[in-house]
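Chemist: Have a look at this one.
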Amino acid sequence: MLKKTTFAAALLAATVLSGAASAKTFVYCSEGSPEGFDPGLYTAGTTFDAAAHTVYNRLLEFKKGTTETEPGLAESYTVSDDGLEYTFKLRPGVKYQTTEFFTPTRDFNADDVVFSFDRQLKADNPWNKYVTGASWEYAAGMGFPEVIKSVEKVDDLTVKITLTRKEAPFLANVAMPFASIVSKEYADKLQADGKMNQMNQMPLGTGPFAFVAYQQDAIIRYKANPDYWGGKQKIDDLVFAITPDASVRYQKLKAGECHLMPFPNAADVAAMKADTNLKVVEQEGLNVAYLAYNTTQAPFDKPEVRKALNQAINKQAIVDAVFQGAATPATNPIPPTMWSYNKAVEDDKYDPEASKKGLEAAGVKDLKMKVWAMPVSRPYMLNARRAAELIQSDFAKVGVTVEIVSYEWAEYLDKSKAKDRDGAVMLGWTGDNGDPDNFLDTLLGCDAVGGNNRAQWCNKEFDDLVTKAKETSDIAERTKLYEQAQVVFKKDAPWATIDHSLSIVPMRKGVEGFVQSPLGDFAFDGVDITE
Amino acid sequence: MSQAAATSAVSTDPSRRARLAEFWYYFSENRGAVIGLVFFIFLVLLAIFAPLIAPHDPTQQYRDAVLVPPVWQEGGRADFLLGTDAVGRDMLSRLVYGTQFSLFVGVIVTALSLVVGVVFGVIAGYFRGWVDTAIMRVMDIILAFPSLLLALVLVAILGPGLVNAMIAISLVYQPHFVRLARAAVMSEKTRDYVVAAKVAGAGHTRLMFKTILPNCMAPLIVQATLSFSSAILDAAALGFLGMGAQPPTPEWGTMLAEAREFIQSKWWVVTLPGVAILITVLAINLMGDGLRDALDPKLKRS
């Protein structure tokens, strides 16, 4: 294994060195190995970066740098008046990648789309359980098996998807990595050869880069797809050098061994910005971190008490100490980059005196409470224990004694769902598809009480607004409803909203055309190097 | 006659002073041991007088002084001699208070495992038979687990916290004391003075704890000092894994864990608690070596 790794490293060094002369090679120091290469089976961003954004396309794609959808493999679509039938017109003349392991004989067509969805939705599809131990987790999580009634081929370039109920976020869901379109021709051949597992090891799609080779925990190699429907990429080769440690990634970037890296240590960012060979781009991530009170337990059932506690938290101090400034204090439960973000909502200002008075007025004295802190680092909250310690000391100033508790991560997620949970729980959320429904209804709706709704907060007014918004397809009207919902949220304060973190991407000076995705994806189509 | 022999082993006769002098002679032969002892006494004083020595409250967060470097570095401030951590707490004060927790952990864990271990060990070694088998098999089972893993499991069951961590670690250390005590008792049991005491009518309890035990203490004392340092190390490890002391307790392992991300940029937050653990454990180990030299008759030069 050691030998293999050194060989891979030597190979990598060789390609980097020779790269300038002949072919342009772009090296990305990725943060981990992909779970596999079939994006439908997995949920990790690492897997999607390695498989979905390189090899595959989807019917609709997210427009670069936004959460809006644009045509992908579907040129256009129409929605029926009752909002239940979606008819996609497919792009003609789209070629599959020609690789060493497979030569396609036909273009992309409706059969591929039907196959791509059916294998995830139908238990009797031969591809439904082709990888032991893996399931179509994401599709299940987004409710696809219940929402989608059927996926039918109308003609070679038309597909009709029928839903069981109105679902406005559906179009955004179709653009998500798990809904990548795979080749039925390739699948049929693998099935005939009895090598179905290869689908998950050697992917083949219509995307900008074709898969070449993968060495576990070391390197993934791709080459630009010359037949790509969007035109051939400016770079010729794409390499993922797998480097799990953030400090090592930084060293490699400094040495010029890679062109771009994800997830730097917050503490290293200042040094990166000072380095003249590097540039650092920042963008507000599509996330929120919050402290959810248990609104069913006294005295946290009173909005006045929750409001008063919110005023005691110095969010700026948390942003400075935990993110070294790479985050913004949060006001609303959805991030500012998302459509329908209500700028008019005012945050509970940091004011310990007012907080103390508020608690007194609500008749709360000598309050003792628990604050739950996550045991792991998440993009929206790098160090929950540190944030909890800051909150502990902030609350002490207004006479509230805090005990910090923490559990193992899976247990933490599970235990914090309990309706009679003792204490306020710190948690956060990263958006899946850029739809506000994915935050507001998923995290705060009445249906989510005892589940994702960690505040156990069921407010009729709020719930009506978000349910109505979900069933409306007009964006302007939905925006209005969500804006109102945010006002109701702030008035009732089931959470202390803490922060929206920035996602920071350091890269070499010569990298051009990389657009940060608010969804946290790393996609390298359109990237060029001038070094 | 037999009575006299039995009591002389524990009594306060004048030879005791001579033996103490002999002990010191051998102990001071080992320079490292003396340095370890001096440093250990220094730590004990630091722990006792922490409130007087520490310049700040160890949990007070100075929000205007986050990550201030030590005083001799550029940007350092005179009121924070060793700098501050990520939430603006004084490093020096936290390290000084950390001594209390580390020594406390060492003392409690060692005392607990020593007392319980000796009781079980002596009983097993003295009675033999099924009692021995039962006790020793349980100890074998405990020994079969990697110690830190077992401690982690126990803490996971009991819930994280310093007290639970101490209970878990002392349970993990138990078998060493039980085995040592049992072996020593078995070899002492057949000696003439024990037989004599038995003939004179001494009961089981008296034979076990008054006659035999005092003659088995040397290896146990050495093991106790070594366990002392391991206990500090294990408590720090549990703290590092988030299962030991809970915030805002200034425990060294916890401090180390919370500062990991600064290893490349703010060295003092990571390095200082690590150094504190290192020199404390080193000092106690050196002291333990010296004790073994002095107490183990096989190592004595004649």
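Each chain of the structure tokens is named A, B, ... in the order shown, its residues numbered from 1; ligands are numbered from 1 in display order.
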For the structure I just gave you, how does DSSP split range 52-242 of chain B - specifically, which residues are alpha helix (DSSP H)? Reply as JSON, numbers by chain.
Modeler: {"B": [52, 53, 91, 92, 93, 94, 95, 96, 97, 98, 99, 100, 101, 102, 103, 104, 105, 106, 107, 108, 109, 110, 111, 112, 113, 114, 115, 116, 117, 118, 119, 120, 121, 122, 123, 124, 125, 126, 127, 129, 130, 131, 132, 133, 134, 135, 136, 137, 138, 139, 140, 141, 142, 143, 144, 147, 148, 149, 150, 151, 152, 153, 154, 155, 156, 157, 158, 162, 163, 164, 165, 166, 167, 168, 169, 170, 171, 172, 173, 174, 175, 176, 177, 178, 179, 180, 181, 182, 183, 184, 185, 186, 187, 188, 189, 192, 193, 194, 195, 196, 197, 198, 199, 204, 205, 217, 218, 219, 220, 221, 222, 223, 224, 225, 226, 227, 228, 229, 230, 231, 232, 233, 234, 235, 236, 237, 238, 239, 240]}
Chemist: Find the residues around Ala496 in chain A up to 9 Å (only C-alpha atoms counted), leave out those fewer than 4 positions away in its own chain, and share them as a list in words.
Modeler: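 Non-adjacent residues within range: Ala289, Tyr290, Leu291, Ala292, Tyr293, Arg306, Lys307, Leu309, Asn310, Gln311, Ile313, Ala330, Thr331 and Asp348 of chain A.
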Chemist: How would the residues just picked look written out with all heavy atoms as a short mmCIF file (atom, residue, chain, number, x, y, z; two decimals), in the first residue's frame?
Modeler:
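again.cif, written as the output of this step:
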```cif
data_model
loop_
_atom_site.label_atom_id
_atom_site.label_comp_id
_atom_site.auth_asym_id
_atom_site.auth_seq_id
_atom_site.Cartn_x
_atom_site.Cartn_y
_atom_site.Cartn_z
N ALA A 289 -26.55 28.30 12.19
CA ALA A 289 -26.36 27.61 13.46
C ALA A 289 -27.30 28.25 14.46
O ALA A 289 -27.51 29.46 14.42
CB ALA A 289 -24.92 27.74 13.94
N TYR A 290 -27.89 27.43 15.32
CA TYR A 290 -28.87 27.99 16.25
C TYR A 290 -28.82 27.30 17.59
O TYR A 290 -28.24 26.21 17.73
CB TYR A 290 -30.28 27.88 15.66
CG TYR A 290 -30.70 26.46 15.31
CD1 TYR A 290 -31.18 25.61 16.30
CD2 TYR A 290 -30.63 25.99 14.01
CE1 TYR A 290 -31.56 24.31 16.00
CE2 TYR A 290 -31.01 24.70 13.69
CZ TYR A 290 -31.48 23.86 14.70
OH TYR A 290 -31.85 22.58 14.39
N LEU A 291 -29.43 27.96 18.56
CA LEU A 291 -29.63 27.36 19.88
C LEU A 291 -31.13 27.23 20.03
O LEU A 291 -31.83 28.23 20.10
CB LEU A 291 -29.03 28.27 20.96
CG LEU A 291 -29.13 27.77 22.39
CD1 LEU A 291 -28.14 26.63 22.61
CD2 LEU A 291 -28.82 28.88 23.37
N ALA A 292 -31.63 26.01 20.04
CA ALA A 292 -33.08 25.80 20.10
C ALA A 292 -33.52 25.55 21.53
O ALA A 292 -33.09 24.58 22.15
CB ALA A 292 -33.47 24.61 19.21
N TYR A 293 -34.33 26.44 22.06
CA TYR A 293 -34.89 26.22 23.39
C TYR A 293 -35.94 25.12 23.28
O TYR A 293 -36.50 24.91 22.20
CB TYR A 293 -35.56 27.50 23.91
CG TYR A 293 -34.62 28.68 23.95
CD1 TYR A 293 -34.73 29.71 23.02
CD2 TYR A 293 -33.62 28.76 24.91
CE1 TYR A 293 -33.86 30.79 23.05
CE2 TYR A 293 -32.76 29.83 24.95
CZ TYR A 293 -32.88 30.84 24.01
OH TYR A 293 -32.01 31.89 24.04
N ARG A 306 -37.48 33.60 26.32
CA ARG A 306 -36.58 33.26 25.22
C ARG A 306 -35.97 34.52 24.62
O ARG A 306 -34.79 34.59 24.32
CB ARG A 306 -37.35 32.48 24.14
CG ARG A 306 -38.05 31.24 24.69
CD ARG A 306 -38.47 30.29 23.59
NE ARG A 306 -39.53 30.81 22.74
CZ ARG A 306 -40.80 30.43 22.81
NH1 ARG A 306 -41.18 29.55 23.71
NH2 ARG A 306 -41.70 30.93 22.00
N LYS A 307 -36.82 35.55 24.47
CA LYS A 307 -36.33 36.82 23.93
C LYS A 307 -35.24 37.40 24.85
O LYS A 307 -34.20 37.87 24.38
CB LYS A 307 -37.50 37.82 23.85
CG LYS A 307 -38.31 37.67 22.60
CD LYS A 307 -37.95 38.82 21.68
CE LYS A 307 -38.63 38.70 20.36
NZ LYS A 307 -37.88 39.21 19.25
N LEU A 309 -33.29 35.87 26.94
CA LEU A 309 -32.05 35.08 26.85
C LEU A 309 -31.31 35.40 25.56
O LEU A 309 -30.08 35.51 25.54
CB LEU A 309 -32.37 33.58 26.93
CG LEU A 309 -32.77 33.08 28.32
CD1 LEU A 309 -33.25 31.64 28.23
CD2 LEU A 309 -31.62 33.19 29.30
N ASN A 310 -32.07 35.57 24.47
CA ASN A 310 -31.43 35.92 23.20
C ASN A 310 -30.64 37.22 23.31
O ASN A 310 -29.59 37.36 22.70
CB ASN A 310 -32.48 36.08 22.10
CG ASN A 310 -32.96 34.73 21.59
OD1 ASN A 310 -32.51 33.70 22.07
ND2 ASN A 310 -33.88 34.75 20.65
N GLN A 311 -31.18 38.15 24.11
CA GLN A 311 -30.48 39.43 24.26
C GLN A 311 -29.19 39.29 25.05
O GLN A 311 -28.32 40.15 24.98
CB GLN A 311 -31.40 40.43 24.96
CG GLN A 311 -32.49 40.96 24.06
CD GLN A 311 -33.38 41.93 24.79
OE1 GLN A 311 -33.82 41.67 25.91
NE2 GLN A 311 -33.64 43.07 24.17
N ILE A 313 -26.98 36.92 24.63
CA ILE A 313 -25.91 36.25 23.87
C ILE A 313 -25.16 37.25 22.99
O ILE A 313 -25.77 37.93 22.17
CB ILE A 313 -26.49 35.12 22.99
CG1 ILE A 313 -27.18 34.09 23.87
CG2 ILE A 313 -25.38 34.46 22.17
CD1 ILE A 313 -27.90 33.01 23.09
N ALA A 330 -26.35 35.71 12.92
CA ALA A 330 -27.59 35.40 12.22
C ALA A 330 -28.78 36.11 12.85
O ALA A 330 -28.86 36.25 14.06
CB ALA A 330 -27.83 33.91 12.22
N THR A 331 -29.69 36.54 11.97
CA THR A 331 -30.93 37.15 12.44
C THR A 331 -32.10 36.23 12.17
O THR A 331 -32.90 35.93 13.03
CB THR A 331 -31.16 38.49 11.70
OG1 THR A 331 -30.01 39.30 11.89
CG2 THR A 331 -32.38 39.19 12.23
N ASP A 348 -32.54 40.50 17.91
CA ASP A 348 -32.52 40.86 19.34
C ASP A 348 -31.12 41.35 19.65
O ASP A 348 -30.16 40.59 19.56
CB ASP A 348 -32.83 39.62 20.20
CG ASP A 348 -34.10 38.95 19.77
OD1 ASP A 348 -35.11 39.64 19.66
OD2 ASP A 348 -34.07 37.73 19.52
#
```
Chemist: Rounded to one decimal, what separation in Å do you get between CA of Ala294 in chain B and CA of Ile41 in chain B?
Modeler: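 One can read the CA of Ala294 in chain B to CA of Ile41 in chain B distance as 18.9 Å.
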Chemist: Any idea which chain B residues end up within 9 Å of chain A if we count only C-alpha atoms, as a short mmCIF file (atom, residue, chain, number, x, y, z; two decimals) with N, CA and C atoms, in the first residue's frame please?
Modeler:
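See result_18.cif below for the written result:
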```
data_model
loop_
_atom_site.label_atom_id
_atom_site.label_comp_id
_atom_site.auth_asym_id
_atom_site.auth_seq_id
_atom_site.Cartn_x
_atom_site.Cartn_y
_atom_site.Cartn_z
N THR B 59 -11.60 31.02 34.81
CA THR B 59 -12.74 30.93 33.89
C THR B 59 -13.20 32.30 33.41
N GLN B 60 -12.56 33.35 33.86
CA GLN B 60 -12.94 34.70 33.42
C GLN B 60 -12.53 34.90 31.96
N GLN B 61 -13.50 35.28 31.10
CA GLN B 61 -13.19 35.49 29.68
C GLN B 61 -12.98 36.98 29.41
N ARG B 63 -12.90 39.31 26.77
CA ARG B 63 -13.30 39.32 25.35
C ARG B 63 -12.45 40.27 24.51
N VAL B 66 -8.52 38.19 23.22
CA VAL B 66 -8.57 36.82 22.71
C VAL B 66 -7.25 36.47 22.00
N LEU B 67 -6.69 35.32 22.34
CA LEU B 67 -5.48 34.82 21.69
C LEU B 67 -4.30 35.80 21.75
N ALA B 86 -8.50 30.86 23.25
CA ALA B 86 -9.40 31.30 22.18
C ALA B 86 -10.59 32.11 22.67
N VAL B 87 -10.93 32.02 23.96
CA VAL B 87 -12.04 32.84 24.43
C VAL B 87 -11.54 33.89 25.42
N GLY B 88 -10.23 34.12 25.44
CA GLY B 88 -9.68 35.21 26.23
C GLY B 88 -9.45 34.89 27.70
N ALA B 156 -18.43 6.45 28.94
CA ALA B 156 -19.59 6.59 28.05
C ALA B 156 -20.86 6.12 28.75
N GLY B 159 -21.39 8.61 31.90
CA GLY B 159 -21.57 10.02 31.51
C GLY B 159 -20.28 10.77 31.73
N PRO B 160 -19.94 11.70 30.81
CA PRO B 160 -18.66 12.39 30.91
C PRO B 160 -18.58 13.30 32.13
N GLY B 242 -12.83 14.40 25.07
CA GLY B 242 -14.12 15.01 25.42
C GLY B 242 -14.90 14.24 26.46
N GLN B 246 -15.34 18.65 32.14
CA GLN B 246 -16.21 19.40 31.24
C GLN B 246 -15.94 20.90 31.38
N PRO B 247 -16.18 21.67 30.30
CA PRO B 247 -15.92 23.10 30.34
C PRO B 247 -16.76 23.79 31.40
N PRO B 248 -16.29 24.86 32.00
CA PRO B 248 -15.01 25.53 31.71
C PRO B 248 -13.84 25.06 32.60
N GLU B 258 -9.14 21.45 23.10
CA GLU B 258 -9.86 22.62 22.60
C GLU B 258 -8.98 23.50 21.73
N GLU B 261 -6.80 23.20 16.80
CA GLU B 261 -6.80 23.87 15.50
C GLU B 261 -5.75 24.97 15.41
N PHE B 262 -5.18 25.38 16.56
CA PHE B 262 -4.23 26.49 16.54
C PHE B 262 -2.79 26.05 16.40
N ILE B 263 -2.58 24.77 16.13
CA ILE B 263 -1.23 24.24 16.19
C ILE B 263 -0.27 24.95 15.23
N GLN B 264 -0.80 25.45 14.12
CA GLN B 264 0.10 26.12 13.18
C GLN B 264 0.18 27.63 13.36
N SER B 265 -0.80 28.19 14.07
CA SER B 265 -0.81 29.65 14.11
C SER B 265 -0.56 30.22 15.51
N LYS B 266 -1.15 29.63 16.55
CA LYS B 266 -1.02 30.18 17.90
C LYS B 266 -0.44 29.11 18.82
#
```
Chemist: Do you know which residues are at most 10 Å from Leu502 in chain A counting only C-alpha atoms, after dropping those on the same chain fewer than 6 positions away, and could you put them as a ChimeraX atom specification?
Modeler: /A:281-287,323,325-328,379-380,518
Chemist: Could the residues in this selection be saved with N, CA and C atoms as an mmCIF file, in the first residue's frame?
Modeler:
```
data_model
loop_
_atom_site.group_PDB
_atom_site.id
_atom_site.type_symbol
_atom_site.label_atom_id
_atom_site.label_comp_id
_atom_site.auth_asym_id
_atom_site.auth_seq_id
_atom_site.Cartn_x
_atom_site.Cartn_y
_atom_site.Cartn_z
ATOM 1 N N VAL A 281 -11.073 33.219 -1.619
ATOM 2 C CA VAL A 281 -12.406 33.759 -1.870
ATOM 3 C C VAL A 281 -13.355 33.294 -0.772
ATOM 4 N N GLU A 282 -14.271 34.162 -0.440
ATOM 5 C CA GLU A 282 -15.202 33.875 0.643
ATOM 6 C C GLU A 282 -16.618 34.068 0.156
ATOM 7 N N GLN A 283 -17.497 33.288 0.726
ATOM 8 C CA GLN A 283 -18.894 33.466 0.390
ATOM 9 C C GLN A 283 -19.725 32.995 1.569
ATOM 10 N N GLU A 284 -20.837 33.670 1.769
ATOM 11 C CA GLU A 284 -21.693 33.228 2.850
ATOM 12 C C GLU A 284 -22.268 31.874 2.487
ATOM 13 N N GLY A 285 -22.097 30.930 3.380
ATOM 14 C CA GLY A 285 -22.591 29.584 3.114
ATOM 15 C C GLY A 285 -24.096 29.523 3.288
ATOM 16 N N LEU A 286 -24.675 28.477 2.750
ATOM 17 C CA LEU A 286 -26.124 28.319 2.840
ATOM 18 C C LEU A 286 -26.451 27.561 4.131
ATOM 19 N N ASN A 287 -26.189 28.203 5.248
ATOM 20 C CA ASN A 287 -26.361 27.462 6.502
ATOM 21 C C ASN A 287 -26.755 28.380 7.641
ATOM 22 N N PHE A 323 -14.894 31.447 14.705
ATOM 23 C CA PHE A 323 -14.625 31.491 13.264
ATOM 24 C C PHE A 323 -13.510 32.459 12.899
ATOM 25 N N GLY A 325 -13.819 35.422 12.784
ATOM 26 C CA GLY A 325 -14.467 36.428 11.949
ATOM 27 C C GLY A 325 -15.068 35.900 10.654
ATOM 28 N N ALA A 326 -14.851 34.615 10.339
ATOM 29 C CA ALA A 326 -15.332 34.086 9.066
ATOM 30 C C ALA A 326 -16.776 33.618 9.145
ATOM 31 N N ALA A 327 -17.632 34.456 9.681
ATOM 32 C CA ALA A 327 -19.053 34.142 9.775
ATOM 33 C C ALA A 327 -19.782 35.445 10.039
ATOM 34 N N THR A 328 -21.098 35.425 9.883
ATOM 35 C CA THR A 328 -21.861 36.617 10.238
ATOM 36 C C THR A 328 -22.910 36.220 11.266
ATOM 37 N N PRO A 379 -19.683 22.699 9.375
ATOM 38 C CA PRO A 379 -19.394 23.945 8.659
ATOM 39 C C PRO A 379 -20.051 25.165 9.308
ATOM 40 N N TYR A 380 -21.261 24.985 9.843
ATOM 41 C CA TYR A 380 -21.967 26.133 10.421
ATOM 42 C C TYR A 380 -21.517 26.430 11.847
ATOM 43 N N PRO A 518 -23.012 28.221 -3.351
ATOM 44 C CA PRO A 518 -23.613 28.432 -2.027
ATOM 45 C C PRO A 518 -24.027 27.106 -1.386
#
```
Chemist: Within 6 Å of range 102-114 of chain B, counting only C-alpha atoms, which residues show up once you throw out same-chain ones fewer than 4 positions away? Write them as a list in words, please.
Modeler: Val118, Met166, Ser170, Gln174, Phe228, Ala231 and Ile232 of chain B
Chemist: Using only C-alpha atoms, which residues sit within 6 Å of range 95-110 of chain A once same-chain residues fewer than 3 positions away are excluded, as a list in words?
Modeler: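 Answer for this query is Val113, Lys153, Asp156, Leu157, Gly205 and Thr206 of chain A.
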Chemist: Using only C-alpha atoms, pick whichever of B:Leu286, B:Met243, B:Ile221, B:Val172 has the shortest atom-to-atom distance to Arg31 in chain B.
Modeler: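 Once distances to Arg31 in chain B are computed over only C-alpha atoms, the minimum belongs to B:Leu286.
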Chemist: So which bits of range 138-268 of chain A end up strand (DSSP E or B) when you DSSP the backbone, as a ChimeraX atom specification?
Modeler: /A:148-155,158-163,209-215,219-224,237-242,260
Chemist: Can you pull out the residues contacting Phe439 in chain A? Cut-off 12 Å, using only C-alpha atoms, and skip same-chain residues under 3 positions away; I want them as a ChimeraX atom specification.
Modeler: /A:169,286-289,332-335,338-341,428-436,442-445,448,452-453,466,470,482,485-486
Chemist: For the selection just defined, write its residues with N, CA, C and O atoms to a file, as a CSV table (one decimal), in the first residue's frame.
Modeler:
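selection-v7.csv, written as the output of this step:
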```csv
chain,number,residue,atom,x,y,z
A,169,PRO,N,-40.9,22.7,-4.2
A,169,PRO,CA,-39.4,22.6,-4.3
A,169,PRO,C,-38.9,21.4,-5.2
A,169,PRO,O,-37.7,21.2,-5.3
A,286,LEU,N,-24.7,28.5,2.8
A,286,LEU,CA,-26.1,28.3,2.8
A,286,LEU,C,-26.5,27.6,4.1
A,286,LEU,O,-26.9,26.4,4.1
A,287,ASN,N,-26.2,28.2,5.2
A,287,ASN,CA,-26.4,27.5,6.5
A,287,ASN,C,-26.8,28.4,7.6
A,287,ASN,O,-26.7,29.6,7.5
A,288,VAL,N,-27.1,27.8,8.7
A,288,VAL,CA,-27.4,28.5,9.9
A,288,VAL,C,-27.1,27.7,11.2
A,288,VAL,O,-27.2,26.4,11.1
A,289,ALA,N,-26.5,28.3,12.2
A,289,ALA,CA,-26.4,27.6,13.5
A,289,ALA,C,-27.3,28.3,14.5
A,289,ALA,O,-27.5,29.5,14.4
A,332,ASN,N,-32.2,35.8,10.9
A,332,ASN,CA,-33.3,34.9,10.5
A,332,ASN,C,-32.9,33.5,10.5
A,332,ASN,O,-31.7,33.2,10.4
A,333,PRO,N,-33.8,32.6,10.4
A,333,PRO,CA,-33.5,31.1,10.3
A,333,PRO,C,-33.0,30.7,9.0
A,333,PRO,O,-32.5,29.6,8.8
A,334,ILE,N,-33.1,31.6,8.0
A,334,ILE,CA,-32.5,31.2,6.7
A,334,ILE,C,-31.4,32.2,6.4
A,334,ILE,O,-31.4,33.3,6.8
A,335,PRO,N,-30.4,31.8,5.6
A,335,PRO,CA,-29.2,32.6,5.3
A,335,PRO,C,-29.5,33.8,4.4
A,335,PRO,O,-30.4,33.6,3.5
A,338,MET,N,-30.2,33.4,0.5
A,338,MET,CA,-31.3,32.6,0.0
A,338,MET,C,-32.4,33.6,-0.4
A,338,MET,O,-32.6,34.6,0.3
A,339,TRP,N,-33.2,33.3,-1.5
A,339,TRP,CA,-34.3,34.1,-1.8
A,339,TRP,C,-35.3,34.1,-0.7
A,339,TRP,O,-35.4,33.1,0.0
A,340,SER,N,-36.0,35.2,-0.6
A,340,SER,CA,-37.1,35.5,0.4
A,340,SER,C,-36.5,35.8,1.8
A,340,SER,O,-37.2,35.9,2.8
A,341,TYR,N,-35.2,36.0,1.9
A,341,TYR,CA,-34.6,36.4,3.2
A,341,TYR,C,-35.2,37.8,3.5
A,341,TYR,O,-35.1,38.7,2.7
A,428,GLY,N,-27.4,23.1,13.8
A,428,GLY,CA,-27.4,23.9,12.7
A,428,GLY,C,-27.9,23.1,11.5
A,428,GLY,O,-28.3,22.0,11.6
A,429,TRP,N,-27.8,23.7,10.3
A,429,TRP,CA,-28.4,23.1,9.1
A,429,TRP,C,-27.7,23.7,7.9
A,429,TRP,O,-27.5,24.9,7.8
A,430,THR,N,-27.4,22.9,7.0
A,430,THR,CA,-26.9,23.3,5.7
A,430,THR,C,-27.9,23.0,4.6
A,430,THR,O,-28.4,21.9,4.6
A,431,GLY,N,-28.2,24.0,3.8
A,431,GLY,CA,-29.3,23.8,2.8
A,431,GLY,C,-29.0,22.7,1.8
A,431,GLY,O,-27.8,22.6,1.4
A,432,ASP,N,-30.0,21.9,1.4
A,432,ASP,CA,-29.8,20.9,0.4
A,432,ASP,C,-30.0,21.4,-1.0
A,432,ASP,O,-29.3,21.0,-1.9
A,433,ASN,N,-31.0,22.3,-1.2
A,433,ASN,CA,-31.4,22.6,-2.6
A,433,ASN,C,-31.7,24.1,-2.7
A,433,ASN,O,-32.1,24.5,-3.8
A,434,GLY,N,-31.4,24.9,-1.7
A,434,GLY,CA,-31.6,26.3,-1.9
A,434,GLY,C,-33.0,26.8,-1.8
A,434,GLY,O,-33.3,28.0,-2.0
A,435,ASP,N,-33.9,25.9,-1.4
A,435,ASP,CA,-35.3,26.3,-1.3
A,435,ASP,C,-35.5,26.7,0.2
A,435,ASP,O,-35.2,25.9,1.1
A,436,PRO,N,-36.2,27.8,0.5
A,436,PRO,CA,-36.5,28.2,1.9
A,436,PRO,C,-37.3,27.1,2.6
A,436,PRO,O,-37.2,27.0,3.8
A,442,THR,N,-38.8,22.3,7.2
A,442,THR,CA,-38.0,21.2,7.7
A,442,THR,C,-37.6,21.3,9.1
A,442,THR,O,-37.6,20.4,9.9
A,443,LEU,N,-37.3,22.5,9.5
A,443,LEU,CA,-36.7,22.7,10.9
A,443,LEU,C,-37.7,23.3,11.9
A,443,LEU,O,-37.5,23.2,13.1
A,444,LEU,N,-38.8,23.9,11.4
A,444,LEU,CA,-39.7,24.6,12.3
A,444,LEU,C,-41.1,24.3,12.1
A,444,LEU,O,-42.0,24.8,12.8
A,445,GLY,N,-41.5,23.5,11.2
A,445,GLY,CA,-42.9,23.1,10.9
A,445,GLY,C,-43.4,22.2,12.0
A,445,GLY,O,-42.7,21.5,12.7
A,448,ALA,N,-42.5,18.6,12.1
A,448,ALA,CA,-41.2,18.2,12.4
A,448,ALA,C,-40.9,18.1,13.9
A,448,ALA,O,-39.8,17.8,14.4
A,452,ASN,N,-36.8,17.0,13.4
A,452,ASN,CA,-35.9,18.1,13.1
A,452,ASN,C,-36.2,19.3,13.8
A,452,ASN,O,-35.3,20.2,13.9
A,453,ASN,N,-37.4,19.5,14.3
A,453,ASN,CA,-37.8,20.7,15.0
A,453,ASN,C,-37.3,20.6,16.4
A,453,ASN,O,-38.1,20.2,17.3
A,466,VAL,N,-46.0,28.6,6.0
A,466,VAL,CA,-45.0,27.8,5.2
A,466,VAL,C,-45.7,26.6,4.5
A,466,VAL,O,-45.2,26.3,3.4
A,470,LYS,N,-45.5,26.2,0.4
A,470,LYS,CA,-45.0,25.0,-0.3
A,470,LYS,C,-45.9,24.5,-1.4
A,470,LYS,O,-45.5,23.9,-2.4
A,482,TYR,N,-43.0,33.5,2.9
A,482,TYR,CA,-41.8,33.2,3.7
A,482,TYR,C,-41.3,34.4,4.5
A,482,TYR,O,-40.8,34.3,5.6
A,485,ALA,N,-43.4,34.6,7.4
A,485,ALA,CA,-43.1,33.5,8.4
A,485,ALA,C,-41.8,33.9,9.2
A,485,ALA,O,-41.8,33.6,10.4
A,486,GLN,N,-40.9,34.6,8.6
A,486,GLN,CA,-39.7,35.0,9.4
A,486,GLN,C,-40.0,36.0,10.4
A,486,GLN,O,-39.4,36.0,11.5
```
Chemist: Would you mind telling me which residue in B:Arg292, B:Leu150, B:Ala283, B:Asp192 lies nearest to Val38 in chain B when using only C-alpha atoms?
Modeler: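 Closest to Val38 in chain B of all the choices is B:Ala283.
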Chemist: Write out as a PyMOL selection string which residues come within 10 Å of Pro226 in chain A when counting only C-alpha atoms, dropping same-chain ones fewer than 2 positions away.
Modeler: chain A and resi 95+97-98+208-210+223-224+228-233+236
Chemist: Store the residues picked out above, limited to C-alpha atoms, as a compact mmCIF listing (two decimals), in the first residue's frame.
Modeler:
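As written to disk, selection_19.txt reads:
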```txt
# COMPACT_ATOMS: atom_id res chain seq x y z
CA LYS A 95 -22.99 12.26 -26.08
CA GLN A 97 -18.18 9.85 -22.47
CA THR A 98 -16.01 7.46 -24.42
CA PRO A 208 -17.58 17.69 -18.33
CA PHE A 209 -14.96 15.23 -17.07
CA ALA A 210 -14.55 11.52 -17.77
CA LYS A 223 -9.74 13.87 -18.21
CA ALA A 224 -11.80 16.53 -19.94
CA TYR A 228 -19.18 17.50 -23.69
CA TRP A 229 -22.39 19.22 -24.79
CA GLY A 230 -21.27 22.42 -23.13
CA GLY A 231 -17.95 22.39 -25.00
CA LYS A 232 -14.58 20.92 -23.98
CA GLN A 233 -13.09 22.26 -20.75
CA ASP A 236 -7.18 18.82 -19.93
```
